[in-house]
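Asks: Quick one: the structure is below, and I'll ask about it shortly.
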Amino acid sequence: MKLIILIPAYNEERTIGSVIEGIPENIFGISEKEIIVIDDGSTDNTEKASQDAGARVVSHSENKGLGIAFSTGIKEALSEKADLIINIDADGQFDARDIPRLIQPILNKEADFVIGSRFMRDSLVIKIPKIKLFGNRLMAKFISWVCGKKLSDVSCGFRAYSKEALLHLNLFGKFTYTQEVILNLSFKHLKITEIPIKVRYFPEKKSSISGNLLSYILKTMKIIFRTILDYQPLKFFGGLGIFLFSLGLALDVLMLYIFLQTGQFTPYKFIGISGLSCNFLGLVFFIIGLMADILNRIRQTQERTLYYQKKKFYYGD
C-alpha cells in the first residue's frame, strides 16, 4: 500500500518545513509513503524549505490557484499509483498527527473520502470571527442540502481519499477545490464521512484564499453552481421551469377571475402578460433542463469510460 501526502503551497516558507516534519513516520505500518508539495508559483523559498524537509516538489511557473494546484497533486498521486491520499494545508493550522485517524475509516472500508471537520468540536468556534463562522456554517448547510448528506465543514483543507475516490475525481475549479470535491464524489455515490480534527487558528494570518470574504463567496459559488449544473441540470433547470410556470399559472387564473368579475381585461392586462411570460419562460427552462439532462447522461458515460481508462493506465486493473 502506498500513501501520498499532498501539500499545496503558496508562499509558505515559514511553516512548510514544520508541517512536513510533523508528519508521522509510521502510519499503520504502511510500506510506502511520499510527501509531495505542489508549489503554486511561490515567490519566496517555499520550494527550498520543502526540499530541505524531505519532500518532493512539483512547481508551477506562476500562481494558478488552489484548485489547479490540487488537480496537479491528484495527477502526481495517480502517476505514483497511490492507494491512499492525504491533503493537508501548508500553513500549519492542522495537526499532522491526525493523519492516522483520517485514513482509518478508509482502511476499515467505511468511507472512500474522509473530511476533517473543524466544527464537530466547540473548542475552535469561539476563536473564529463571527462573520467567518457564519459563512462556514451557511456554506455547510447549502452543500449538505445539495448533496443530501449532513456535513459540518465543507471548506477544510485536511482530508483523506481512497484510490476509488482518486480515480473518480474530475475537477475544473481554479480558485479552490474543497466544495467541488464533495459535490463531485457525492453525485457519484461514493461514501463520505467526517471526523473531528485538532486545529490551530492564527487570527493574525490573512488567508490568501478567504481573506476577502465577498470575493471568496462569489468565486466559490461560481464553482458550486457549475458543478450542480454539470451533475443535476434537470433538477436545476426543471425546478426553475416548474416554479416559473406555476407562477404564470397563478397569474393566469387571477386574470381569468378578474375577467369573469368585470367582463374586461383593462386595466389589469399586465397581470395576463406577466402570466403568459412566466408560462413561456417556464417551458423554455424545462426544455433546457431536458436537453441538459441528455448531455449529462453522455457526460456520465464519458466519466465512467475515463474512470476505467485511468484505472487500467495507472494501476493495470
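Ligands are numbered from 1 in the order shown, residues from 1 within each chain, and chains are lettered A, B, ... in the order they appear in the C-alpha cells.
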Applying 10 Å and only C-alpha atoms, which residues near Ile30 (chain A) remain after dropping the ones on its own chain fewer than 2 positions away? List them as number ranges by chain.
Replies: A: 1-3, 25-28, 32-33, 84
Asks: For N, CA and C atoms, I'd like the residues from the last selection saved as a compact mmCIF listing (two decimals), in the first residue's frame.
Replies:
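Result written to part-v7.txt:
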# COMPACT_ATOMS: atom_id res chain seq x y z
N MET A 1 0.85 -1.20 0.00
CA MET A 1 0.00 0.00 0.00
C MET A 1 0.88 1.24 0.00
N LYS A 2 0.48 2.22 -0.81
CA LYS A 2 1.26 3.44 -0.91
C LYS A 2 0.42 4.64 -0.50
N LEU A 3 0.97 5.46 0.37
CA LEU A 3 0.31 6.68 0.84
C LEU A 3 1.04 7.89 0.28
N GLU A 25 6.12 9.27 11.10
CA GLU A 25 6.97 8.36 10.32
C GLU A 25 6.25 7.05 10.04
N ASN A 26 5.63 6.49 11.07
CA ASN A 26 4.98 5.19 10.93
C ASN A 26 3.47 5.37 11.01
N ILE A 27 2.77 5.10 9.91
CA ILE A 27 1.32 5.24 9.86
C ILE A 27 0.72 3.88 9.52
N PHE A 28 0.28 3.18 10.55
CA PHE A 28 -0.32 1.86 10.40
C PHE A 28 0.58 0.89 9.64
N GLU A 32 4.92 2.21 1.93
CA GLU A 32 5.44 3.31 1.12
C GLU A 32 4.70 4.60 1.46
N LYS A 33 5.48 5.65 1.64
CA LYS A 33 4.91 6.96 1.95
C LYS A 33 5.74 8.02 1.25
N LEU A 84 -3.72 5.49 -1.09
CA LEU A 84 -4.32 6.42 -0.13
C LEU A 84 -3.72 7.80 -0.35
Asks: DSSP says alpha helix (DSSP H) for which residues of region 54-227 of chain A? Put them as a ChimeraX atom specification?
Replies: /A:66-79,99-107,130-147,163-168,178-187,213-227
Asks: So which residues touch Lys150 (chain A) within 12 Å, counting only C-alpha atoms, skipping near sequence neighbours fewer than 3 positions away, as a list of chain:residue names?
Replies: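 Skipping anything fewer than 3 positions along the chain leaves A:Met120, A:Arg137, A:Met139, A:Ala140, A:Lys141, A:Phe142, A:Ile143, A:Ser144, A:Trp145, A:Val146, A:Cys147, A:Asp153, A:Val154, A:Ile182, A:Ser186, A:Ile192, A:Thr193, A:Glu194.
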Asks: Write a file of the selected residues as a PDB file, in the first residue's frame, keeping C-alpha atoms.
Replies:
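What ended up in selection_38.pdb:
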ATOM      1  CA  MET A 120     -17.527  18.934  15.296  1.00  0.00           C
ATOM      2  CA  ARG A 137     -21.990  27.222   8.651  1.00  0.00           C
ATOM      3  CA  MET A 139     -21.931  27.036   3.201  1.00  0.00           C
ATOM      4  CA  ALA A 140     -22.050  23.707   5.056  1.00  0.00           C
ATOM      5  CA  LYS A 141     -25.858  23.819   5.193  1.00  0.00           C
ATOM      6  CA  PHE A 142     -26.075  24.630   1.497  1.00  0.00           C
ATOM      7  CA  ILE A 143     -23.673  21.872   0.407  1.00  0.00           C
ATOM      8  CA  SER A 144     -25.393  19.406   2.775  1.00  0.00           C
ATOM      9  CA  TRP A 145     -28.738  20.243   1.162  1.00  0.00           C
ATOM     10  CA  VAL A 146     -27.369  19.835  -2.366  1.00  0.00           C
ATOM     11  CA  CYS A 147     -25.580  16.514  -1.790  1.00  0.00           C
ATOM     12  CA  ASP A 153     -17.274  21.571   7.472  1.00  0.00           C
ATOM     13  CA  VAL A 154     -17.073  21.786   3.681  1.00  0.00           C
ATOM     14  CA  ILE A 182     -17.613  16.961  -2.025  1.00  0.00           C
ATOM     15  CA  SER A 186     -21.354  12.651  -3.591  1.00  0.00           C
ATOM     16  CA  ILE A 192     -18.247  10.259   2.589  1.00  0.00           C
ATOM     17  CA  THR A 193     -17.724  10.784   6.299  1.00  0.00           C
ATOM     18  CA  GLU A 194     -16.335  13.392   8.702  1.00  0.00           C
TER      19      GLU A 194
END
Asks: Write down as a PyMOL selection string the residues of region 173-276 of chain A whose backbone DSSP state falls under strand (DSSP E or B).
Replies: chain A and resi 192-196+199
Asks: Could you list, as number ranges by chain, every residue within 6 Å of Gly41 (chain A), counting only C-alpha atoms and ignoring same-chain residues fewer than 3 positions away?
Replies: A: 60-63
Asks: Between A:Phe113, A:Tyr314, A:Tyr10, A:Phe259, which is the closest to Lys191 (chain A) once you count only C-alpha atoms?
Replies: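 That would be A:Phe113, the residue with the smallest distance to Lys191 (chain A).
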Asks: Could you work out how far CA of Gly92 (chain A) lies from CA of Arg200 (chain A), giving the answer in Å with one decimal?
Replies: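 Between CA of Arg200 (chain A) and CA of Gly92 (chain A) the gap works out to 7.6 Å.
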Asks: Tell me which of A:Ile5, A:Leu169, A:Leu66, A:Leu133 sits closest to Ile86 (chain A), counting only C-alpha atoms.
Replies: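 Of A:Ile5, A:Leu169, A:Leu66, A:Leu133, the one nearest Ile86 (chain A), counting only C-alpha atoms, is A:Ile5.
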Asks: What's the separation between CA of Gly282 (chain A) and CA of Thr301 (chain A), in Å to one decimal place?
Replies: 28.8 Å
Asks: Which residues are close to region 236-250 of chain A, i.e. within 8 Å by only C-alpha atoms, leaving aside same-chain residues fewer than 2 positions away? Reply as a list of chain:residue names.
Replies: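 What passes the distance filter is A:Ile228, A:Leu229, A:Gln232, A:Pro233, A:Leu234, A:Asp252, A:Val253, A:Leu254, A:Ser274, A:Gly275, A:Leu276, A:Ser277, A:Cys278, A:Asn279, A:Phe280, A:Leu281, A:Gly282, A:Leu283, A:Val284, A:Phe285, A:Phe286, A:Ile287, A:Ile288, A:Gly289, A:Leu290.
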Asks: Which value, in Å to one decimal, gives the distance between CA of Ser162 (chain A) and CA of Ile106 (chain A)?
Replies: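 Distance reported for this atom pair: 6.4 Å.
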Asks: Given the choices A:Ile197, A:Ala165, A:Met291, A:Leu256, which gets closest to Pro100 (chain A) if the distance is worked out from only C-alpha atoms?
Replies: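 Ranking A:Ile197, A:Ala165, A:Met291, A:Leu256 by distance to Pro100 (chain A), first place goes to A:Ile197.
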Asks: Near Arg14 (chain A), counting only C-alpha atoms, which residues have an atom at most 12 Å away, once you skip same-chain residues fewer than 4 positions from it, shown as a list of chain:residue names?
Replies: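 The contact residues come out as A:Ala9, A:Tyr10, A:Ser18, A:Val19, A:Ile20, A:Asp44, A:Asn45, A:Thr46, A:Glu47, A:Lys48, A:Ala49, A:Ser50, A:Ala90, A:Asp91, A:Gly92.
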Asks: Go ahead and write the residues just picked, C-alpha atoms, as an mmCIF file, in the first residue's frame.
Replies:
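Just written: part-v6.cif:
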data_model
loop_
_atom_site.group_PDB
_atom_site.id
_atom_site.type_symbol
_atom_site.label_atom_id
_atom_site.label_comp_id
_atom_site.auth_asym_id
_atom_site.auth_seq_id
_atom_site.Cartn_x
_atom_site.Cartn_y
_atom_site.Cartn_z
ATOM 1 C CA ALA A 9 1.586 25.689 -1.009
ATOM 2 C CA TYR A 10 1.892 29.320 -1.981
ATOM 3 C CA SER A 18 7.392 22.151 10.250
ATOM 4 C CA VAL A 19 4.282 20.738 8.533
ATOM 5 C CA ILE A 20 6.395 18.193 6.645
ATOM 6 C CA ASP A 44 9.637 33.053 -1.597
ATOM 7 C CA ASN A 45 11.723 29.998 -0.586
ATOM 8 C CA THR A 46 8.819 27.564 -0.253
ATOM 9 C CA GLU A 47 10.405 25.139 -2.726
ATOM 10 C CA LYS A 48 13.774 25.019 -0.949
ATOM 11 C CA ALA A 49 12.205 24.767 2.505
ATOM 12 C CA SER A 50 10.086 21.847 1.300
ATOM 13 C CA ALA A 90 0.846 24.218 4.310
ATOM 14 C CA ASP A 91 0.133 26.930 6.895
ATOM 15 C CA GLY A 92 0.466 24.736 9.994
#
Asks: Restricting the calculation to only C-alpha atoms: of A:Gln302, A:Pro24, A:Ile224, A:Lys149, which residue gets closest to Asp98 (chain A)?
Replies: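 Of A:Gln302, A:Pro24, A:Ile224, A:Lys149, the one nearest Asp98 (chain A) is A:Pro24, counting only C-alpha atoms.
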